[in-house]
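Engineer: mmCIF, C-alpha atoms and all ligand atoms, saved as target-v8.cif, coming up:
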```
data_final
loop_
_atom_site.group_PDB
_atom_site.id
_atom_site.type_symbol
_atom_site.label_atom_id
_atom_site.label_comp_id
_atom_site.auth_asym_id
_atom_site.auth_seq_id
_atom_site.Cartn_x
_atom_site.Cartn_y
_atom_site.Cartn_z
ATOM 1 C CA MET A 15 -5.695 -15.031 1.831
ATOM 2 C CA ALA A 16 -6.971 -11.446 1.767
ATOM 3 C CA SER A 17 -8.485 -10.480 -1.609
ATOM 4 C CA SER A 18 -6.088 -7.525 -1.569
ATOM 5 C CA ASP A 19 -3.129 -9.889 -2.018
ATOM 6 C CA ALA A 20 -1.668 -10.574 -5.459
ATOM 7 C CA LEU A 21 0.828 -13.199 -4.300
ATOM 8 C CA THR A 22 0.690 -15.441 -1.249
ATOM 9 C CA ALA A 23 2.511 -18.460 0.107
ATOM 10 C CA ALA A 24 1.480 -20.633 3.049
ATOM 11 C CA ASP A 25 3.810 -23.252 4.571
ATOM 12 C CA LEU A 26 5.431 -23.421 1.149
ATOM 13 C CA GLY A 27 8.320 -25.836 0.805
ATOM 14 C CA LYS A 28 10.409 -27.309 -1.987
ATOM 15 C CA ARG A 29 12.824 -30.164 -1.513
ATOM 16 C CA TYR A 30 15.379 -31.100 -4.140
ATOM 17 C CA ARG A 31 17.397 -34.303 -3.978
ATOM 18 C CA ARG A 32 20.108 -32.502 -1.946
ATOM 19 C CA GLY A 33 17.662 -31.151 0.630
ATOM 20 C CA TRP A 34 15.192 -28.353 1.294
ATOM 21 C CA ALA A 35 15.612 -25.211 -0.844
ATOM 22 C CA LEU A 36 12.582 -23.540 0.752
ATOM 23 C CA ARG A 37 10.754 -24.474 3.955
ATOM 24 C CA ASP A 38 7.795 -23.103 5.964
ATOM 25 C CA CYS A 39 7.707 -20.081 3.693
ATOM 26 C CA ASP A 40 4.791 -17.722 4.434
ATOM 27 C CA PHE A 41 4.308 -14.319 2.874
ATOM 28 C CA SER A 42 1.846 -12.111 1.035
ATOM 29 C CA VAL A 43 2.338 -9.259 -1.406
ATOM 30 C CA PRO A 44 -0.683 -6.929 -1.700
ATOM 31 C CA HIS A 45 -1.880 -5.748 -5.128
ATOM 32 C CA GLY A 46 0.060 -2.866 -6.626
ATOM 33 C CA ARG A 47 3.187 -3.188 -4.489
ATOM 34 C CA ILE A 48 6.716 -3.267 -5.843
ATOM 35 C CA SER A 49 8.197 -5.900 -3.584
ATOM 36 C CA ALA A 50 11.891 -6.601 -3.132
ATOM 37 C CA LEU A 51 12.703 -10.294 -2.762
ATOM 38 C CA VAL A 52 15.997 -10.298 -0.920
ATOM 39 C CA GLY A 53 18.205 -13.026 0.520
ATOM 40 C CA PRO A 54 21.727 -14.406 0.390
ATOM 41 C CA ASN A 55 22.910 -16.757 -2.383
ATOM 42 C CA GLY A 56 21.011 -20.029 -2.161
ATOM 43 C CA ALA A 57 18.236 -18.582 0.048
ATOM 44 C CA GLY A 58 15.541 -19.897 -2.301
ATOM 45 C CA LYS A 59 14.526 -16.780 -4.277
ATOM 46 C CA THR A 60 14.656 -18.408 -7.725
ATOM 47 C CA THR A 61 12.931 -21.524 -6.377
ATOM 48 C CA LEU A 62 10.146 -19.372 -4.923
ATOM 49 C CA MET A 63 9.546 -17.569 -8.233
ATOM 50 C CA ALA A 64 9.621 -20.836 -10.200
ATOM 51 C CA LEU A 65 7.001 -22.273 -7.803
ATOM 52 C CA ALA A 66 4.781 -19.189 -8.214
ATOM 53 C CA ALA A 67 5.127 -19.423 -12.008
ATOM 54 C CA GLY A 68 4.128 -23.111 -11.938
ATOM 55 C CA LEU A 69 7.503 -24.211 -13.343
ATOM 56 C CA LEU A 70 8.101 -26.300 -10.204
ATOM 57 C CA GLU A 71 5.636 -28.106 -7.951
ATOM 58 C CA PRO A 72 5.722 -27.504 -4.193
ATOM 59 C CA THR A 73 6.803 -30.411 -2.001
ATOM 60 C CA GLU A 74 4.512 -29.001 0.690
ATOM 61 C CA GLY A 75 2.232 -26.014 1.254
ATOM 62 C CA GLN A 76 0.866 -23.744 -1.430
ATOM 63 C CA VAL A 77 1.493 -20.597 -3.408
ATOM 64 C CA ARG A 78 -1.190 -18.472 -5.073
ATOM 65 C CA VAL A 79 -1.026 -15.799 -7.752
ATOM 66 C CA MET A 80 -4.117 -13.585 -8.014
ATOM 67 C CA GLY A 81 -5.907 -16.138 -5.841
ATOM 68 C CA ARG A 82 -5.102 -19.134 -8.064
ATOM 69 C CA ALA A 83 -2.684 -21.985 -7.504
ATOM 70 C CA PRO A 84 -0.370 -22.334 -10.534
ATOM 71 C CA ASP A 85 -0.972 -25.436 -12.634
ATOM 72 C CA ARG A 86 0.897 -27.324 -15.299
ATOM 73 C CA ARG A 87 -0.980 -25.634 -18.174
ATOM 74 C CA GLY A 88 1.652 -22.919 -18.373
ATOM 75 C CA ILE A 89 2.045 -19.394 -17.042
ATOM 76 C CA PRO A 90 -1.349 -17.602 -16.990
ATOM 77 C CA ALA A 91 -1.798 -14.530 -19.194
ATOM 78 C CA ASP A 92 -1.839 -12.083 -16.291
ATOM 79 C CA LEU A 93 1.482 -13.308 -14.829
ATOM 80 C CA ALA A 94 4.906 -12.690 -16.375
ATOM 81 C CA PHE A 95 8.165 -14.155 -15.113
ATOM 82 C CA LEU A 96 11.578 -13.112 -16.345
ATOM 83 C CA ALA A 97 14.086 -15.752 -15.241
ATOM 84 C CA GLN A 98 17.749 -15.054 -14.509
ATOM 85 C CA ASP A 99 18.889 -16.666 -17.785
ATOM 86 C CA LYS A 100 16.493 -14.453 -19.836
ATOM 87 C CA PRO A 101 15.372 -16.886 -22.527
ATOM 88 C CA LEU A 102 15.549 -15.288 -25.998
ATOM 89 C CA TYR A 103 16.217 -16.847 -29.423
ATOM 90 C CA ARG A 104 19.771 -15.905 -30.428
ATOM 91 C CA GLY A 105 19.068 -16.226 -34.157
ATOM 92 C CA PHE A 106 16.020 -13.914 -34.043
ATOM 93 C CA THR A 107 16.217 -10.188 -34.625
ATOM 94 C CA VAL A 108 14.757 -7.869 -31.997
ATOM 95 C CA ALA A 109 11.750 -7.262 -34.301
ATOM 96 C CA ASP A 110 11.298 -11.069 -34.650
ATOM 97 C CA MET A 111 11.246 -11.392 -30.845
ATOM 98 C CA LEU A 112 8.512 -8.767 -30.590
ATOM 99 C CA ARG A 113 6.558 -10.520 -33.396
ATOM 100 C CA ALA A 114 6.835 -13.790 -31.462
ATOM 101 C CA GLY A 115 5.602 -11.973 -28.349
ATOM 102 C CA ARG A 116 2.578 -10.724 -30.281
ATOM 103 C CA ALA A 117 1.827 -14.169 -31.757
ATOM 104 C CA LEU A 118 2.085 -15.950 -28.391
ATOM 105 C CA ASN A 119 0.275 -13.545 -26.052
ATOM 106 C CA THR A 120 -3.365 -12.560 -26.075
ATOM 107 C CA THR A 121 -2.711 -9.450 -23.965
ATOM 108 C CA TRP A 122 0.233 -8.186 -26.057
ATOM 109 C CA ASP A 123 0.809 -4.425 -26.415
ATOM 110 C CA GLN A 124 3.015 -3.991 -29.503
ATOM 111 C CA ALA A 125 3.337 -0.190 -29.253
ATOM 112 C CA TYR A 126 4.483 -0.417 -25.626
ATOM 113 C CA ALA A 127 7.022 -3.187 -26.320
ATOM 114 C CA GLU A 128 8.390 -1.203 -29.305
ATOM 115 C CA ARG A 129 8.684 1.922 -27.161
ATOM 116 C CA LEU A 130 10.667 0.066 -24.489
ATOM 117 C CA VAL A 131 13.086 -1.281 -27.104
ATOM 118 C CA TYR A 132 13.420 2.192 -28.642
ATOM 119 C CA GLU A 133 14.061 3.819 -25.243
ATOM 120 C CA ALA A 134 16.743 1.208 -24.572
ATOM 121 C CA GLY A 135 18.508 2.282 -27.785
ATOM 122 C CA VAL A 136 18.525 -1.275 -29.161
ATOM 123 C CA PRO A 137 18.185 -1.503 -32.981
ATOM 124 C CA ARG A 138 15.113 -3.522 -34.053
ATOM 125 C CA THR A 139 17.118 -5.144 -36.866
ATOM 126 C CA ALA A 140 19.928 -6.462 -34.618
ATOM 127 C CA ARG A 141 20.175 -10.209 -33.997
ATOM 128 C CA ILE A 142 19.789 -11.205 -30.353
ATOM 129 C CA GLY A 143 23.077 -13.157 -30.494
ATOM 130 C CA THR A 144 24.999 -9.981 -31.370
ATOM 131 C CA LEU A 145 23.636 -7.888 -28.473
ATOM 132 C CA SER A 146 25.511 -7.149 -25.249
ATOM 133 C CA GLY A 147 24.256 -8.760 -22.028
ATOM 134 C CA GLY A 148 22.643 -5.497 -20.933
ATOM 135 C CA GLN A 149 20.940 -4.975 -24.310
ATOM 136 C CA ARG A 150 19.558 -8.536 -24.186
ATOM 137 C CA THR A 151 18.165 -7.773 -20.743
ATOM 138 C CA ARG A 152 16.372 -4.694 -22.092
ATOM 139 C CA VAL A 153 14.838 -6.722 -24.959
ATOM 140 C CA ALA A 154 13.792 -9.485 -22.538
ATOM 141 C CA LEU A 155 12.147 -6.860 -20.332
ATOM 142 C CA ALA A 156 10.297 -5.384 -23.334
ATOM 143 C CA VAL A 157 9.014 -8.865 -24.252
ATOM 144 C CA THR A 158 7.990 -9.482 -20.628
ATOM 145 C CA LEU A 159 6.304 -6.112 -20.067
ATOM 146 C CA GLY A 160 4.717 -6.198 -23.550
ATOM 147 C CA ARG A 161 2.386 -8.874 -22.166
ATOM 148 C CA ARG A 162 0.946 -6.185 -19.859
ATOM 149 C CA PRO A 163 0.921 -8.579 -16.897
ATOM 150 C CA ARG A 164 -0.945 -7.843 -13.679
ATOM 151 C CA VAL A 165 1.772 -9.620 -11.706
ATOM 152 C CA LEU A 166 5.408 -9.436 -12.785
ATOM 153 C CA MET A 167 8.240 -11.479 -11.292
ATOM 154 C CA LEU A 168 11.801 -10.528 -12.191
ATOM 155 C CA ASP A 169 14.751 -12.648 -11.033
ATOM 156 C CA GLU A 170 17.788 -10.358 -10.750
ATOM 157 C CA PRO A 171 16.908 -8.303 -13.826
ATOM 158 C CA LEU A 172 19.448 -5.581 -13.086
ATOM 159 C CA ALA A 173 22.591 -7.683 -12.715
ATOM 160 C CA ASP A 174 24.181 -6.851 -16.075
ATOM 161 C CA LEU A 175 22.878 -3.308 -16.539
ATOM 162 C CA ASP A 176 24.989 -0.169 -16.245
ATOM 163 C CA PRO A 177 23.883 2.380 -13.607
ATOM 164 C CA ILE A 178 21.935 4.534 -16.076
ATOM 165 C CA ALA A 179 20.161 1.526 -17.580
ATOM 166 C CA ARG A 180 19.340 0.278 -14.051
ATOM 167 C CA ASP A 181 17.816 3.638 -13.242
ATOM 168 C CA GLU A 182 15.794 3.638 -16.502
ATOM 169 C CA VAL A 183 14.495 0.110 -15.891
ATOM 170 C CA MET A 184 13.462 0.925 -12.329
ATOM 171 C CA ARG A 185 11.668 4.078 -13.509
ATOM 172 C CA THR A 186 9.846 2.052 -16.177
ATOM 173 C CA LEU A 187 8.706 -0.449 -13.558
ATOM 174 C CA MET A 188 7.553 2.294 -11.186
ATOM 175 C CA ALA A 189 5.646 4.107 -13.957
ATOM 176 C CA GLU A 190 3.996 0.874 -15.110
ATOM 177 C CA ALA A 191 3.045 -0.092 -11.557
ATOM 178 C CA ALA A 192 1.660 3.403 -10.861
ATOM 179 C CA ASP A 193 -0.318 3.520 -14.163
ATOM 180 C CA THR A 194 -1.757 0.028 -14.159
ATOM 181 C CA GLY A 195 -1.616 -1.205 -10.554
ATOM 182 C CA MET A 196 0.701 -4.038 -11.639
ATOM 183 C CA THR A 197 2.278 -5.959 -8.746
ATOM 184 C CA VAL A 198 6.031 -6.579 -9.018
ATOM 185 C CA LEU A 199 8.226 -9.081 -7.189
ATOM 186 C CA LEU A 200 11.843 -8.262 -7.912
ATOM 187 C CA SER A 201 14.888 -10.123 -6.639
ATOM 188 C CA SER A 202 18.193 -8.288 -6.405
ATOM 189 C CA HIS A 203 21.394 -8.293 -4.407
ATOM 190 C CA VAL A 204 21.965 -4.572 -5.019
ATOM 191 C CA LEU A 205 20.115 -3.032 -2.104
ATOM 192 C CA SER A 206 20.742 0.542 -3.204
ATOM 193 C CA ASP A 207 18.747 -0.186 -6.404
ATOM 194 C CA LEU A 208 15.747 -1.219 -4.336
ATOM 195 C CA GLU A 209 15.768 1.557 -1.756
ATOM 196 C CA ASN A 210 13.806 4.204 -3.651
ATOM 197 C CA VAL A 211 11.646 1.890 -5.698
ATOM 198 C CA CYS A 212 10.333 -0.927 -3.544
ATOM 199 C CA ASP A 213 7.532 -0.258 -1.080
ATOM 200 C CA HIS A 214 7.340 -3.865 0.115
ATOM 201 C CA LEU A 215 9.927 -6.404 1.246
ATOM 202 C CA VAL A 216 10.151 -10.192 1.428
ATOM 203 C CA LEU A 217 13.397 -11.269 3.039
ATOM 204 C CA LEU A 218 14.368 -14.938 2.790
ATOM 205 C CA ALA A 219 17.177 -16.486 4.773
ATOM 206 C CA ASP A 220 18.097 -20.129 4.841
ATOM 207 C CA GLY A 221 14.953 -21.085 2.870
ATOM 208 C CA ARG A 222 12.550 -19.367 5.305
ATOM 209 C CA THR A 223 10.763 -15.997 5.393
ATOM 210 C CA ARG A 224 12.551 -13.784 7.888
ATOM 211 C CA LEU A 225 10.730 -10.508 7.220
ATOM 212 C CA CYS A 226 7.700 -9.549 5.153
ATOM 213 C CA GLY A 227 5.713 -6.333 4.997
ATOM 214 C CA ASP A 228 5.458 -2.769 3.773
ATOM 215 C CA VAL A 229 8.868 -1.112 3.867
ATOM 216 C CA ALA A 230 7.550 1.941 5.739
ATOM 217 C CA ASP A 231 6.058 -0.272 8.489
ATOM 218 C CA LEU A 232 9.168 -2.429 8.763
ATOM 219 C CA LEU A 233 11.444 0.618 9.032
ATOM 220 C CA ALA A 234 9.158 2.274 11.585
ATOM 221 C CA GLY A 235 9.135 -0.969 13.599
ATOM 222 C CA HIS A 236 12.919 -0.990 14.083
ATOM 223 C CA ARG A 237 15.525 1.396 15.530
ATOM 224 C CA LEU A 238 19.247 1.558 14.924
ATOM 225 C CA LEU A 239 20.988 2.316 18.210
ATOM 226 C CA VAL A 240 24.553 3.443 18.811
ATOM 227 C CA GLY A 241 25.895 3.398 22.354
ATOM 228 C CA PRO A 242 28.798 2.621 24.644
ATOM 229 C CA ALA A 243 30.576 -0.750 24.350
ATOM 230 C CA ASP A 244 29.315 -1.828 27.797
ATOM 231 C CA GLY A 245 25.719 -0.606 27.134
ATOM 232 C CA ASP A 246 22.827 -2.922 28.025
ATOM 233 C CA LEU A 247 19.828 -3.680 25.787
ATOM 234 C CA ALA A 248 16.786 -5.913 26.315
ATOM 235 C CA ALA A 249 18.055 -9.077 24.593
ATOM 236 C CA ASP A 250 14.657 -10.082 23.183
ATOM 237 C CA THR A 251 14.442 -6.906 21.080
ATOM 238 C CA VAL A 252 17.919 -7.177 19.533
ATOM 239 C CA VAL A 253 18.066 -8.368 15.926
ATOM 240 C CA GLU A 254 21.798 -7.837 15.583
ATOM 241 C CA ARG A 255 24.480 -6.256 17.735
ATOM 242 C CA ARG A 256 27.961 -5.340 16.520
ATOM 243 C CA THR A 257 30.692 -4.235 18.863
ATOM 244 C CA THR A 258 33.823 -2.257 18.079
ATOM 245 C CA ALA A 259 36.417 -1.245 20.693
ATOM 246 C CA ARG A 260 34.485 1.891 21.685
ATOM 247 C CA GLN A 261 30.856 1.446 20.765
ATOM 248 C CA VAL A 262 28.005 -0.881 19.952
ATOM 249 C CA THR A 263 25.675 -0.566 16.984
ATOM 250 C CA ALA A 264 22.465 -2.561 17.356
ATOM 251 C CA LEU A 265 19.332 -3.026 15.297
ATOM 252 C CA VAL A 266 16.376 -3.541 17.635
ATOM 253 C CA ARG A 267 12.685 -4.221 17.156
ATOM 254 C CA GLY A 268 10.194 -1.745 18.564
ATOM 255 C CA HIS A 269 10.706 1.572 20.270
ATOM 256 C CA SER A 270 11.579 0.778 23.888
ATOM 257 C CA PRO A 271 13.426 3.740 25.400
ATOM 258 C CA ALA A 272 17.175 3.155 25.593
ATOM 259 C CA PRO A 273 18.677 5.917 27.759
ATOM 260 C CA GLY A 274 22.220 6.851 26.762
ATOM 261 C CA TRP A 275 21.835 5.390 23.259
ATOM 262 C CA GLU A 276 21.704 7.440 20.061
ATOM 263 C CA SER A 277 18.678 6.223 18.108
ATOM 264 C CA HIS A 278 17.427 6.621 14.548
ATOM 265 C CA GLU A 279 15.186 4.828 12.057
ATOM 266 C CA PRO A 280 17.263 2.454 9.922
ATOM 267 C CA THR A 281 17.544 2.760 6.146
ATOM 268 C CA LEU A 282 16.274 -0.185 4.099
ATOM 269 C CA GLU A 283 19.884 -1.236 3.514
ATOM 270 C CA GLU A 284 20.702 -1.128 7.257
ATOM 271 C CA LEU A 285 17.549 -3.116 8.086
ATOM 272 C CA VAL A 286 18.164 -5.783 5.444
ATOM 273 C CA MET A 287 21.898 -6.130 6.178
ATOM 274 C CA ALA A 288 21.316 -6.596 9.919
ATOM 275 C CA HIS A 289 18.639 -9.261 9.322
ATOM 276 C CA LEU A 290 20.809 -11.029 6.726
ATOM 277 C CA ARG A 291 23.825 -11.105 9.061
ATOM 278 C CA ALA A 292 21.653 -12.278 11.962
ATOM 279 C CA GLY A 293 20.107 -14.966 9.714
ATOM 280 C CA SER A 294 23.476 -16.340 8.614
ATOM 281 C CA ALA A 295 24.769 -16.311 12.229
ATOM 282 C CA ALA A 296 21.659 -18.303 13.280
ATOM 283 C CA ALA A 297 22.134 -20.754 10.372
ATOM 284 C CA ARG A 298 25.819 -21.291 11.344
ATOM 285 C CA ALA A 299 24.774 -21.903 14.967
ATOM 286 C CA ARG A 300 22.190 -24.501 13.799
ATOM 287 C CA GLU A 301 24.862 -26.275 11.697
ATOM 288 C CA VAL A 302 27.276 -26.412 14.634
ATOM 289 C CA ALA A 303 24.527 -27.773 16.924
ATOM 290 C CA ALA A 304 23.461 -30.460 14.394
HETATM 291 N N1 LIG A 401 17.542 -28.021 -9.633
HETATM 292 C C1 LIG A 401 18.095 -28.074 -8.426
HETATM 293 N N2 LIG A 401 18.526 -29.247 -7.902
HETATM 294 C C2 LIG A 401 19.066 -29.315 -6.665
HETATM 295 N N3 LIG A 401 19.229 -28.254 -5.841
HETATM 296 C C3 LIG A 401 18.823 -27.063 -6.314
HETATM 297 C C4 LIG A 401 18.246 -26.901 -7.620
HETATM 298 N N4 LIG A 401 17.944 -25.580 -7.795
HETATM 299 C C5 LIG A 401 18.322 -24.954 -6.654
HETATM 300 N N5 LIG A 401 18.845 -25.833 -5.778
HETATM 301 C C6 LIG A 401 19.325 -25.520 -4.419
HETATM 302 O O1 LIG A 401 18.277 -24.885 -3.715
HETATM 303 C C7 LIG A 401 18.782 -23.810 -2.915
HETATM 304 C C8 LIG A 401 18.081 -22.508 -3.294
HETATM 305 O O2 LIG A 401 18.474 -22.165 -4.618
HETATM 306 P P1 LIG A 401 17.890 -20.885 -5.360
HETATM 307 O O3 LIG A 401 18.478 -20.867 -6.745
HETATM 308 O O4 LIG A 401 16.407 -20.894 -5.253
HETATM 309 O O5 LIG A 401 18.493 -19.695 -4.465
HETATM 310 P P2 LIG A 401 18.610 -18.128 -4.780
HETATM 311 O O6 LIG A 401 18.174 -17.436 -3.538
HETATM 312 O O7 LIG A 401 17.885 -17.792 -6.028
HETATM 313 O O8 LIG A 401 20.178 -17.967 -4.968
HETATM 314 P P3 LIG A 401 21.037 -16.843 -5.791
HETATM 315 O O9 LIG A 401 20.916 -15.553 -5.039
HETATM 316 O O10 LIG A 401 22.424 -17.408 -5.712
HETATM 317 O O11 LIG A 401 20.496 -16.784 -7.199
HETATM 318 C C9 LIG A 401 20.292 -23.806 -3.120
HETATM 319 O O12 LIG A 401 20.890 -24.521 -2.067
HETATM 320 C C10 LIG A 401 20.479 -24.523 -4.437
HETATM 321 O O13 LIG A 401 21.729 -25.179 -4.473
#
```
Could you write out this structure as C-alpha cells?
Ligand SMILES: Nc1ncnc2c1ncn2[C@@H]1O[C@H](COP(=O)(O)OP(=O)(O)OP(=O)(O)O)[C@@H](O)[C@H]1O

Structural biologist:
Amino acid sequence: MASSDALTAADLGKRYRRGWALRDCDFSVPHGRISALVGPNGAGKTTLMALAAGLLEPTEGQVRVMGRAPDRRGIPADLAFLAQDKPLYRGFTVADMLRAGRALNTTWDQAYAERLVYEAGVPRTARIGTLSGGQRTRVALAVTLGRRPRVLMLDEPLADLDPIARDEVMRTLMAEAADTGMTVLLSSHVLSDLENVCDHLVLLADGRTRLCGDVADLLAGHRLLVGPADGDLAADTVVERRTTARQVTALVRGHSPAPGWESHEPTLEELVMAHLRAGSAAARAREVAA
C-alpha cells in the first residue's frame, strides 16, 4: 500500500451462506479524494463498506483504513460510516442526538454539528421519530460529520433527499474535504449527483472491481465513438458497443485512431453506464456458460 492511500483492499472477499458477495476486490483511494463507489444492486457496495468499518470480517484478503486493518474493537475515531439505514434513536430530540455524539466521540465538534443541523433547517427540539426521511438523513450526516473523521464512508446518503438538499449535502462534503483533506467514499445510484463532486471512482460489478482510479485519468483513457453501423473497431479496445439501425456507439479504451468515427471524451455517466452494461452482459454470459 502506498502511504498516500487512505483506503485499500487486496484480494478482498466476503462469502455469505448464499455465496460470494465480494470476490478478488482490489482498489485504493488516495488521501483527500471524494470517491464514488458505484455498482448495480447487489454488487457488494454495502458489504465492502461494512468490511472497511470492521462490522464484518473478510472471508479472504484484507482491507485497510489509514494503513490499519479494522478490528473488532469498534470503528476507530478517525473513520465514520453512515449506513443506509441511518441509525438514530427515534425517541431522542435532535439536540439529544448531538449530546450523545459529544458524549461518545473524543473528536466531536459541537459547533460544526449544530451548524449542519441549522443549515438543514431541522429544529433542535424535534423528536427524531417525527422527522421526515430527508430530515433524518441531514441529522445523521451532522452526527457523522460532527466526529470530524479523516475517512468518511456514506452508503447511499442522498437517496431520500430532494434536489436542493442533495446539492447542499454535496457542497458540504466538498467544502469539508477541501478544508480538512478528509477522504470520502460515497455510494450512490444517481450518477448525475456524483459527476461534479467525485474526483475518484471505484466501480464494482458482480462482486469484483471493474474500474478504479482518478476520474480525470479514467475519462482521458477512454473515447466514445460514433460511426456507421458496419464500422470496424479493434475488438480488444471495445468496452461496450451498441448498434442501432444506422449507427454504432462504442466506448473504447485508449486513443487508437479510428478513421471515419466521430470521437469525444466520455462523461462520467457515459463511462460508468457503458462499464455497468458490459459487466452485466459478461455476468449473464458466465451464468449461461455455468
Ligand atoms: N447478511 C447477508 N446474508 C446473505 N447474503 C447477503 C447479506 N448481505 C448481503 N448479501 C448478498 O450479498 C450481495 C451484495 O450485497 P450488498 O448489499 O453488499 O450489495 P450493494 O451493492 O450494496 O447493493 P444495493 O445497491 O442494492 O444496496 C447480494 O447478493 C446480497 O444479496

Engineer: Would you mind telling me which residue in A:Arg87, A:His203, A:Arg113, A:Arg78 lies nearest to ligand LIG 401 (chain A) when using all atoms listed in the file?

Structural biologist: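 Residue with the minimum atom-to-atom distance to ligand LIG 401 (chain A): A:His203.
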
Engineer: With distances taken over all atoms listed in the file, which of A:Met287, A:Val153, A:Ile178, A:Ile48 is nearest to Asp213 of chain A?

Structural biologist: A:Ile48

Engineer: Each residue of chain A lying at most 10 Å from ligand LIG 401 (chain A) should get a row with its shortest atom-to-atom pair and the distance in Å to one decimal, counting all atoms listed in the file; could you produce that, ordered by chain and increasing number, as a Markdown table?

Structural biologist:
```
| residue | atom | partner | partner_atom | distance |
| --- | --- | --- | --- | --- |
| A:Lys28 | CA | A:LIG401 | O1 | 8.4 |
| A:Arg29 | CA | A:LIG401 | O1 | 7.9 |
| A:Tyr30 | CA | A:LIG401 | C2 | 4.8 |
| A:Arg31 | CA | A:LIG401 | C2 | 5.9 |
| A:Arg32 | CA | A:LIG401 | C2 | 5.8 |
| A:Gly33 | CA | A:LIG401 | N3 | 7.3 |
| A:Trp34 | CA | A:LIG401 | O1 | 6.8 |
| A:Ala35 | CA | A:LIG401 | O1 | 3.9 |
| A:Leu36 | CA | A:LIG401 | C8 | 6.9 |
| A:Leu51 | CA | A:LIG401 | O6 | 9.0 |
| A:Val52 | CA | A:LIG401 | O6 | 7.9 |
| A:Gly53 | CA | A:LIG401 | O6 | 6.0 |
| A:Pro54 | CA | A:LIG401 | O9 | 5.6 |
| A:Asn55 | CA | A:LIG401 | O10 | 3.4 |
| A:Gly56 | CA | A:LIG401 | O5 | 3.4 |
| A:Ala57 | CA | A:LIG401 | O6 | 3.8 |
| A:Gly58 | CA | A:LIG401 | O4 | 3.2 |
| A:Lys59 | CA | A:LIG401 | O6 | 3.8 |
| A:Thr60 | CA | A:LIG401 | O7 | 3.7 |
| A:Thr61 | CA | A:LIG401 | O4 | 3.7 |
| A:Leu62 | CA | A:LIG401 | O4 | 6.5 |
| A:Met63 | CA | A:LIG401 | O4 | 8.2 |
| A:Ala64 | CA | A:LIG401 | O4 | 8.4 |
| A:Leu65 | CA | A:LIG401 | O4 | 9.8 |
| A:Leu70 | CA | A:LIG401 | N1 | 9.6 |
| A:Gln98 | CA | A:LIG401 | O11 | 8.0 |
| A:Asp169 | CA | A:LIG401 | O7 | 7.8 |
| A:Glu170 | CA | A:LIG401 | O11 | 7.8 |
| A:Ser201 | CA | A:LIG401 | O7 | 8.3 |
| A:Ser202 | CA | A:LIG401 | O9 | 7.9 |
| A:His203 | CA | A:LIG401 | O9 | 7.3 |
| A:Leu218 | CA | A:LIG401 | O6 | 7.8 |
| A:Ala219 | CA | A:LIG401 | O6 | 8.4 |
| A:Asp220 | CA | A:LIG401 | C8 | 8.5 |
| A:Gly221 | CA | A:LIG401 | C8 | 7.1 |
```

Engineer: Applied to this file, what does the PyMOL selection byres (((chain A and resi 238) around 8) and not hetatm) return in terms of residues, put as JSON, numbers by chain?

Structural biologist: {"A": [236, 237, 239, 240, 263, 264, 265, 266, 277, 278, 279, 280]}

Engineer: Mind pulling up the distance from atom CA of Asp38 of chain A to atom CA of Gly68 of chain A?

Structural biologist: 18.3 Å

Engineer: Taking all atoms listed in the file into account, name the residue in A:Val136, A:Ala109, A:Val216, A:Val252 that is nearest to Pro44 of chain A.

Structural biologist: A:Val216

Engineer: Between A:Gly105, A:Gly27, A:Gly115, A:Gly293, which is the closest to Ala140 of chain A once you count all atoms listed in the file?

Structural biologist: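 Smallest distance to Ala140 of chain A is found for A:Gly105.
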
Engineer: Between A:Ala23, A:Met167, A:Met188, A:Ala114, single out the one closest to Pro72 of chain A, counting all atoms listed in the file.

Structural biologist: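 Result for the nearest residue to Pro72 of chain A: A:Ala23.
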
Engineer: For a test of reading the model, state the distance in Å between atom CA of Phe41 of chain A and atom CA of Thr186 of chain A, rounded to one decimal.

Structural biologist: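 Distance between the two atoms: 25.7 Å.
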
Engineer: Given the PyMOL selection byres (((chain A and resi 128) around 9) and not hetatm) and the file above, list the residues it selects as JSON, numbers by chain.

Structural biologist: {"A": [109, 112, 123, 124, 125, 126, 127, 129, 130, 131, 132, 133, 138, 156, 160]}

Engineer: Atom CA of Arg152 of chain A to atom CA of Ala134 of chain A: how many Å, to one decimal?

Structural biologist: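 The value is 6.4 Å.
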
Engineer: What residues come out when you apply the PyMOL selection byres (((chain A and resi 96) around 9) and not hetatm) to this file, written as a list in words?

Structural biologist: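 That expression, the PyMOL selection byres (((chain A and resi 96) around 9) and not hetatm), corresponds here to Ala94, Phe95, Ala97, Gln98, Asp99, Lys100, Pro101, Ala154, Leu155, Thr158, Leu166, Met167, Leu168, Asp169, Glu170 and Pro171 of chain A.
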
Engineer: Which neighbours of Pro273 of chain A fall inside 10 Å, counting only C-alpha atoms, when residues of the same chain fewer than 4 positions from it are skipped, and could you give them as a ChimeraX atom specification?

Structural biologist: /A:241,245-247,277

Engineer: Considering all atoms listed in the file, can you say which of A:Pro163, A:Gly227, A:Gly195, A:Gly274 comes closest to His214 of chain A?

Structural biologist: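 Closest to His214 of chain A of all the choices is A:Gly227.
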
Engineer: So that I can check the surroundings of Met184 of chain A, please list as an MDAnalysis selection string every protein, DNA and RNA residue that reaches within 9 Å of it, counting only C-alpha atoms and ignoring chain neighbours fewer than 2 positions away.

Structural biologist: chainID A and resid 172 179:182 186:189 207:208 211

Engineer: Identify, on the basis of only C-alpha atoms, every residue whose closest approach to Pro242 of chain A does not exceed 10 Å; exclude the query and any residue fewer than 5 positions from it along the same chain; express the result as a list in words.

Structural biologist: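 Residues near the query, excluding close chain neighbours: Thr257, Thr258, Ala259, Arg260, Gln261, Val262, Thr263, Gly274, Trp275 and Glu276 of chain A.
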
Engineer: So that I can see what lies close to Gly143 of chain A, please list as a list of chain:residue names the residues with an atom at most 8 Å from it, counting only C-alpha atoms and leaving out residues fewer than 2 positions away in the same chain.

Structural biologist: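 Listed by chain and then number, they are A:Tyr103, A:Arg104, A:Gly105, A:Phe106, A:Arg141, A:Leu145.
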
Engineer: With 9 Å as the threshold, what does the neighbourhood of (0.2, -24.5, -4.8) contain in terms of residues, counting all atoms listed in the file? Coordinates are those of the file; answer as number ranges by chain.

Structural biologist: A: 23-24, 26, 65-66, 68, 71-72, 74-78, 82-85
